[in-house]
$ cat final32.json   # JSON, C-alpha atoms
[["chain", "number", "residue", "atom", "x", "y", "z"],
["A", 1, "MET", "CA", -11.35, -16.64, 21.60],
["A", 2, "ALA", "CA", -9.99, -13.98, 19.24],
["A", 3, "GLU", "CA", -6.42, -14.95, 20.16],
["A", 4, "ILE", "CA", -7.09, -18.63, 19.43],
["A", 5, "MET", "CA", -8.76, -17.70, 16.13],
["A", 6, "THR", "CA", -5.81, -15.44, 15.22],
["A", 7, "GLU", "CA", -3.28, -18.17, 15.96],
["A", 8, "THR", "CA", -5.39, -20.78, 14.18],
["A", 9, "MET", "CA", -5.88, -18.55, 11.15],
["A", 10, "ALA", "CA", -2.17, -17.71, 11.06],
["A", 11, "GLU", "CA", -1.24, -21.40, 11.15],
["A", 12, "ILE", "CA", -3.84, -22.29, 8.55],
["A", 13, "MET", "CA", -2.79, -19.38, 6.31],
["A", 14, "THR", "CA", 0.85, -20.39, 6.52],
["A", 15, "GLU", "CA", 0.15, -24.03, 5.74],
["A", 16, "ILE", "CA", -2.33, -23.28, 2.99],
["A", 17, "ILE", "CA", -0.13, -20.78, 1.24],
["A", 18, "ALA", "CA", 2.84, -23.11, 1.50],
["A", 19, "GLY", "CA", 0.79, -25.93, -0.04],
["A", 20, "ILE", "CA", -0.85, -23.90, -2.75],
["A", 21, "MET", "CA", 2.28, -22.03, -3.68],
["A", 22, "THR", "CA", 4.62, -25.04, -4.13],
["A", 23, "GLU", "CA", 4.23, -25.16, -7.89],
["A", 24, "ILE", "CA", 4.06, -21.38, -8.15],
["A", 25, "ILE", "CA", 7.17, -21.00, -5.98],
["A", 26, "SER", "CA", 9.21, -23.37, -8.12],
["A", 27, "GLU", "CA", 8.10, -21.52, -11.28],
["A", 28, "ILE", "CA", 8.82, -18.12, -9.71],
["A", 29, "ILE", "CA", 12.24, -19.24, -8.51],
["A", 30, "SER", "CA", 13.18, -20.60, -11.92],
["A", 31, "GLU", "CA", 12.06, -17.32, -13.57],
["A", 32, "ILE", "CA", 13.91, -15.19, -11.02],
["A", 33, "ILE", "CA", 17.07, -17.23, -11.37],
["A", 34, "ALA", "CA", 16.82, -17.17, -15.16],
["A", 35, "GLY", "CA", 16.15, -13.43, -15.14],
["A", 36, "ILE", "CA", 18.74, -12.38, -12.58],
["A", 37, "MET", "CA", 21.55, -14.81, -13.23],
["A", 38, "THR", "CA", 23.32, -15.89, -16.41],
["A", 39, "GLU", "CA", 23.05, -19.38, -17.87],
["A", 40, "ILE", "CA", 26.34, -20.28, -16.24],
["A", 41, "ILE", "CA", 25.12, -19.44, -12.73],
["A", 42, "SER", "CA", 21.77, -21.12, -13.20],
["A", 43, "GLU", "CA", 23.50, -24.32, -14.34],
["A", 44, "ILE", "CA", 25.75, -24.33, -11.28],
["A", 45, "ILE", "CA", 22.98, -23.44, -8.84],
["A", 46, "SER", "CA", 20.20, -25.55, -10.41],
["A", 47, "GLU", "CA", 21.40, -28.69, -8.63],
["A", 48, "ILE", "CA", 21.52, -26.89, -5.27],
["A", 49, "ILE", "CA", 18.07, -25.38, -5.83],
["A", 50, "SER", "CA", 16.53, -28.67, -6.93],
["A", 51, "GLU", "CA", 17.80, -30.43, -3.78],
["A", 52, "ILE", "CA", 16.62, -27.61, -1.49],
["A", 53, "MET", "CA", 13.26, -27.29, -3.24],
["A", 54, "ALA", "CA", 12.70, -31.06, -3.17],
["A", 55, "GLU", "CA", 13.26, -31.11, 0.61],
["A", 56, "ILE", "CA", 11.22, -27.97, 1.29],
["A", 57, "ILE", "CA", 8.33, -28.98, -0.97],
["A", 58, "SER", "CA", 8.13, -32.55, 0.32],
["A", 59, "GLU", "CA", 8.02, -31.35, 3.97],
["A", 60, "ILE", "CA", 5.44, -28.65, 3.25],
["A", 61, "ILE", "CA", 3.21, -30.97, 1.21],
["A", 62, "SER", "CA", 3.25, -33.76, 3.80],
["A", 63, "GLU", "CA", 2.34, -31.34, 6.63],
["A", 64, "ILE", "CA", -0.43, -29.64, 4.64],
["A", 65, "MET", "CA", -2.01, -32.87, 3.43],
["A", 66, "ALA", "CA", -2.13, -34.21, 7.00],
["A", 67, "GLU", "CA", -3.56, -31.03, 8.66],
["A", 68, "ILE", "CA", -5.78, -29.04, 6.23],
["A", 69, "MET", "CA", -9.17, -29.88, 4.69],
["A", 70, "ALA", "CA", -10.44, -28.62, 1.34],
["A", 71, "GLU", "CA", -13.28, -26.55, 2.91],
["A", 72, "ILE", "CA", -10.89, -24.50, 5.06],
["A", 73, "MET", "CA", -8.66, -23.82, 2.06],
["A", 74, "ALA", "CA", -11.61, -22.55, 0.03],
["A", 75, "GLU", "CA", -12.75, -20.25, 2.88],
["A", 76, "ILE", "CA", -9.33, -18.78, 3.52],
["A", 77, "MET", "CA", -8.56, -18.23, -0.14],
["A", 78, "THR", "CA", -11.44, -15.76, -0.33],
["A", 79, "GLU", "CA", -9.70, -13.69, 2.37],
["A", 80, "ILE", "CA", -6.33, -13.39, 0.64],
["A", 81, "THR", "CA", -5.86, -9.94, -0.89],
["A", 82, "PRO", "CA", -3.08, -9.02, -3.33],
["A", 83, "GLU", "CA", -1.31, -7.20, -0.48],
["A", 84, "ILE", "CA", -1.36, -10.32, 1.71],
["A", 85, "MET", "CA", -0.18, -12.41, -1.23],
["A", 86, "ALA", "CA", 2.69, -9.96, -1.82],
["A", 87, "GLU", "CA", 3.74, -10.20, 1.84],
["A", 88, "ILE", "CA", 3.56, -13.99, 1.76],
["A", 89, "MET", "CA", 5.61, -14.18, -1.44],
["A", 90, "ALA", "CA", 8.20, -11.77, -0.03],
["A", 91, "GLU", "CA", 8.61, -13.95, 3.06],
["A", 92, "ILE", "CA", 8.76, -17.15, 1.02],
["A", 93, "MET", "CA", 11.39, -15.69, -1.32],
["A", 94, "ALA", "CA", 13.44, -14.38, 1.61],
["A", 95, "GLU", "CA", 13.46, -17.85, 3.18],
["A", 96, "ILE", "CA", 14.32, -19.56, -0.09],
["A", 97, "MET", "CA", 17.14, -17.11, -0.86],
["A", 98, "THR", "CA", 18.49, -17.53, 2.69],
["A", 99, "GLU", "CA", 18.41, -21.29, 2.21],
["A", 100, "ILE", "CA", 20.17, -21.00, -1.16],
["A", 101, "MET", "CA", 22.80, -18.57, 0.12],
["A", 102, "THR", "CA", 23.70, -20.89, 3.02],
["A", 103, "GLU", "CA", 24.50, -23.56, 0.42],
["A", 104, "ILE", "CA", 26.79, -21.26, -1.57],
["A", 105, "THR", "CA", 30.23, -21.44, 0.01],
["A", 106, "PRO", "CA", 32.99, -18.93, -0.78],
["A", 107, "GLU", "CA", 34.58, -21.60, -2.97],
["A", 108, "VAL", "CA", 31.38, -22.07, -4.99],
["A", 109, "MET", "CA", 30.98, -18.29, -5.29],
["A", 110, "ALA", "CA", 34.62, -18.01, -6.45],
["A", 111, "GLU", "CA", 33.95, -20.63, -9.14],
["A", 112, "ILE", "CA", 30.78, -18.83, -10.22],
["A", 113, "MET", "CA", 32.53, -15.46, -10.40],
["A", 114, "ALA", "CA", 35.52, -16.96, -12.27],
["A", 115, "GLU", "CA", 33.18, -18.45, -14.88],
["A", 116, "ILE", "CA", 31.22, -15.21, -15.18],
["A", 117, "MET", "CA", 34.40, -13.17, -15.63],
["A", 118, "ALA", "CA", 35.74, -15.67, -18.18],
["A", 119, "GLU", "CA", 32.47, -15.46, -20.11],
["A", 120, "ILE", "CA", 32.44, -11.65, -19.96],
["A", 121, "MET", "CA", 36.06, -11.40, -21.08],
["A", 122, "ALA", "CA", 35.45, -13.88, -23.91],
["A", 123, "GLU", "CA", 32.43, -11.82, -25.00],
["A", 124, "ILE", "CA", 34.39, -8.57, -24.82],
["A", 125, "MET", "CA", 37.39, -9.97, -26.65],
["A", 126, "THR", "CA", 35.23, -11.23, -29.53],
["A", 127, "GLU", "CA", 33.80, -7.71, -29.90],
["A", 128, "ILE", "CA", 37.14, -5.86, -29.77],
["A", 129, "THR", "CA", 38.75, -5.81, -33.18],
["A", 130, "PRO", "CA", 42.35, -4.66, -33.72],
["A", 131, "GLU", "CA", 40.97, -1.36, -35.01],
["A", 132, "ILE", "CA", 38.89, -0.81, -31.86],
["A", 133, "MET", "CA", 41.90, -1.76, -29.70],
["A", 134, "ALA", "CA", 44.03, 0.76, -31.62],
["A", 135, "GLU", "CA", 41.41, 3.46, -30.99],
["A", 136, "ILE", "CA", 41.27, 2.61, -27.29],
["A", 137, "MET", "CA", 45.07, 2.66, -26.96],
["A", 138, "THR", "CA", 45.26, 5.94, -28.91],
["A", 139, "GLU", "CA", 42.71, 7.51, -26.57],
["A", 140, "ILE", "CA", 44.53, 6.21, -23.48],
["A", 141, "MET", "CA", 47.90, 7.47, -24.71],
["A", 142, "THR", "CA", 46.37, 10.83, -25.68],
["A", 143, "GLN", "CA", 44.95, 11.23, -22.18],
["A", 144, "ILE", "CA", 48.30, 10.30, -20.62],
["A", 145, "TYR", "CA", 50.17, 12.81, -22.82],
["A", 146, "ILE", "CA", 47.61, 15.55, -22.10],
["A", 147, "ARG", "CA", 47.94, 15.02, -18.35],
["A", 148, "LEU", "CA", 51.73, 14.91, -18.56],
["A", 149, "TRP", "CA", 51.75, 18.09, -20.66],
["A", 150, "VAL", "CA", 49.38, 19.89, -18.24],
["A", 151, "GLY", "CA", 51.55, 18.82, -15.32],
["A", 152, "PHE", "CA", 54.74, 19.82, -17.12],
["A", 153, "THR", "CA", 53.42, 23.25, -18.12],
["A", 154, "SER", "CA", 52.09, 23.93, -14.63],
["A", 155, "VAL", "CA", 55.54, 23.13, -13.19],
["A", 156, "LEU", "CA", 57.14, 25.48, -15.75],
["A", 157, "ALA", "CA", 54.58, 28.17, -14.96],
["A", 158, "GLU", "CA", 55.48, 28.00, -11.28],
["A", 159, "ASP", "CA", 59.15, 28.59, -12.06]]
$ encode --input "final32.json" --output "structure tokens"
Amino acid sequence: MAEIMTETMAEIMTEIIAGIMTEIISEIISEIIAGIMTEIISEIISEIISEIMAEIISEIISEIMAEIMAEIMAEIMTEITPEIMAEIMAEIMAEIMTEIMTEITPEVMAEIMAEIMAEIMAEIMTEITPEIMAEIMTEIMTQIYIRLWVGFTSVLAED
């Protein structure tokens, strides 16, 4: 009896959380993507995410609406602690990220990285004035000369 209840509760919990969290998941994903990735990456990935989320959400919603009643949802929701919610969210995010990463091919990743690097270099180059570049080159040349001088004097000292 306990085993049946455990299995039943696990199934119900999974379906309920999936149904309840659909809106929350899409908001969380958009915040995570916006927070972690630059605008360039989010623009490239947004189409992939929207397709994946549309498929995932439509499947989850259709299953939940067919199998779960409102009374069961209300009962189970009283049993969900913050720790359980954290575990559920961690599993959901792991699945979603796995799904997203399977859609990102090496070619797509190369495009993303090329755009990121171009953006970074453009940002850096707008910040580096000729004066700053002169300072950087002076410092580099100074370091080179110091190292050459140290090497030269150590060779002379050995003789």
$ closest_residue --input "final32.json" --among "A:Ile116, A:Ile16, A:Met133, A:Ala122" --to "Ile60 in chain A" --atoms "all atoms listed in the file"
A:Ile16
$ atom_distance --input "final32.json" --atom1 "CA of Met13 in chain A" --atom2 "CA of Ile48 in chain A"
28.0 Å
$ atom_distance --input "final32.json" --atom1 "CA of Ser50 in chain A" --atom2 "CA of Ile100 in chain A"
10.3 Å
$ decode --input "final32.json" --residues "range 46-158 of chain A" --atoms "C-alpha atoms" --output "short mmCIF file (atom, residue, chain, number, x, y, z; two decimals), in the first residue's frame"
data_model
loop_
_atom_site.label_atom_id
_atom_site.label_comp_id
_atom_site.auth_asym_id
_atom_site.auth_seq_id
_atom_site.Cartn_x
_atom_site.Cartn_y
_atom_site.Cartn_z
CA SER A 46 15.59 32.66 -28.12
CA GLU A 47 14.22 30.91 -31.21
CA ILE A 48 15.61 27.55 -30.09
CA ILE A 49 14.25 28.03 -26.56
CA SER A 50 10.81 29.13 -27.77
CA GLU A 51 10.48 26.02 -29.96
CA ILE A 52 11.67 23.69 -27.18
CA MET A 53 9.52 25.37 -24.54
CA ALA A 54 6.46 25.31 -26.80
CA GLU A 55 6.84 21.55 -27.30
CA ILE A 56 7.65 20.81 -23.64
CA ILE A 57 4.88 23.01 -22.26
CA SER A 58 2.21 21.75 -24.65
CA GLU A 59 3.02 18.09 -23.80
CA ILE A 60 3.11 18.74 -20.05
CA ILE A 61 -0.12 20.75 -20.07
CA SER A 62 -2.05 18.19 -22.10
CA GLU A 63 -0.95 15.33 -19.80
CA ILE A 64 -1.70 17.25 -16.60
CA MET A 65 -5.13 18.45 -17.73
CA ALA A 66 -6.13 14.89 -18.65
CA GLU A 67 -4.86 13.19 -15.43
CA ILE A 68 -5.03 15.56 -12.41
CA MET A 69 -8.02 17.04 -10.56
CA ALA A 70 -8.05 20.36 -8.71
CA GLU A 71 -8.55 18.72 -5.27
CA ILE A 72 -5.41 16.60 -5.56
CA MET A 73 -3.38 19.64 -6.61
CA ALA A 74 -4.56 21.61 -3.58
CA GLU A 75 -3.71 18.72 -1.22
CA ILE A 76 -0.25 18.13 -2.62
CA MET A 77 0.65 21.81 -2.71
CA THR A 78 0.38 21.92 1.07
CA GLU A 79 3.09 19.24 1.24
CA ILE A 80 5.67 21.03 -0.91
CA THR A 81 8.44 22.54 1.21
CA PRO A 82 11.03 25.04 -0.07
CA GLU A 83 13.59 22.20 -0.11
CA ILE A 84 11.35 20.03 -2.30
CA MET A 85 10.67 23.01 -4.56
CA ALA A 86 14.43 23.64 -4.86
CA GLU A 87 15.03 20.00 -5.84
CA ILE A 88 12.21 20.10 -8.38
CA MET A 89 13.49 23.34 -9.91
CA ALA A 90 17.03 21.96 -10.09
CA GLU A 91 15.80 18.89 -11.97
CA ILE A 92 13.61 20.95 -14.29
CA MET A 93 16.48 23.34 -15.09
CA ALA A 94 18.87 20.43 -15.67
CA GLU A 95 16.43 18.89 -18.15
CA ILE A 96 15.80 22.18 -19.91
CA MET A 97 19.52 22.99 -20.18
CA THR A 98 20.19 19.47 -21.50
CA GLU A 99 17.46 19.98 -24.08
CA ILE A 100 18.88 23.37 -25.07
CA MET A 101 22.47 22.12 -25.24
CA THR A 102 21.47 19.26 -27.57
CA GLU A 103 20.12 21.89 -29.97
CA ILE A 104 23.35 23.91 -29.94
CA THR A 105 25.65 22.39 -32.54
CA PRO A 106 29.36 23.22 -32.72
CA GLU A 107 28.57 25.45 -35.70
CA VAL A 108 25.96 27.42 -33.72
CA MET A 109 28.37 27.68 -30.77
CA ALA A 110 31.12 28.91 -33.13
CA GLU A 111 28.76 31.60 -34.46
CA ILE A 112 27.81 32.62 -30.92
CA MET A 113 31.43 32.80 -29.79
CA ALA A 114 32.45 34.74 -32.93
CA GLU A 115 29.73 37.31 -32.27
CA ILE A 116 30.65 37.56 -28.59
CA MET A 117 34.33 38.05 -29.41
CA ALA A 118 33.48 40.64 -32.07
CA GLU A 119 31.31 42.51 -29.57
CA ILE A 120 34.00 42.34 -26.87
CA MET A 121 36.72 43.52 -29.24
CA ALA A 122 34.50 46.35 -30.51
CA GLU A 123 33.83 47.38 -26.90
CA ILE A 124 37.52 47.20 -26.01
CA MET A 125 38.62 49.10 -29.08
CA THR A 126 36.18 51.95 -28.39
CA GLU A 127 37.67 52.27 -24.89
CA ILE A 128 41.34 52.19 -25.96
CA THR A 129 42.48 55.63 -27.02
CA PRO A 130 45.83 56.23 -28.75
CA GLU A 131 47.19 57.47 -25.43
CA ILE A 132 46.15 54.27 -23.63
CA MET A 133 47.60 52.17 -26.46
CA ALA A 134 50.87 54.12 -26.17
CA GLU A 135 50.97 53.42 -22.42
CA ILE A 136 50.28 49.73 -22.99
CA MET A 137 53.00 49.46 -25.67
CA THR A 138 55.45 51.40 -23.46
CA GLU A 139 54.79 49.00 -20.58
CA ILE A 140 55.17 45.95 -22.84
CA MET A 141 58.42 47.24 -24.33
CA THR A 142 59.73 48.16 -20.86
CA GLN A 143 59.05 44.63 -19.63
CA ILE A 144 60.75 43.14 -22.70
CA TYR A 145 63.83 45.35 -22.23
CA ILE A 146 63.99 44.57 -18.49
CA ARG A 147 63.87 40.83 -19.17
CA LEU A 148 66.46 41.11 -21.93
CA TRP A 149 68.71 43.19 -19.67
CA VAL A 150 68.35 40.71 -16.76
CA GLY A 151 69.14 37.84 -19.12
CA PHE A 152 72.08 39.69 -20.65
CA THR A 153 73.58 40.65 -17.28
CA SER A 154 73.15 37.13 -15.91
CA VAL A 155 75.03 35.75 -18.95
CA LEU A 156 77.80 38.33 -18.39
CA ALA A 157 77.92 37.47 -14.70
CA GLU A 158 78.46 33.81 -15.52
#
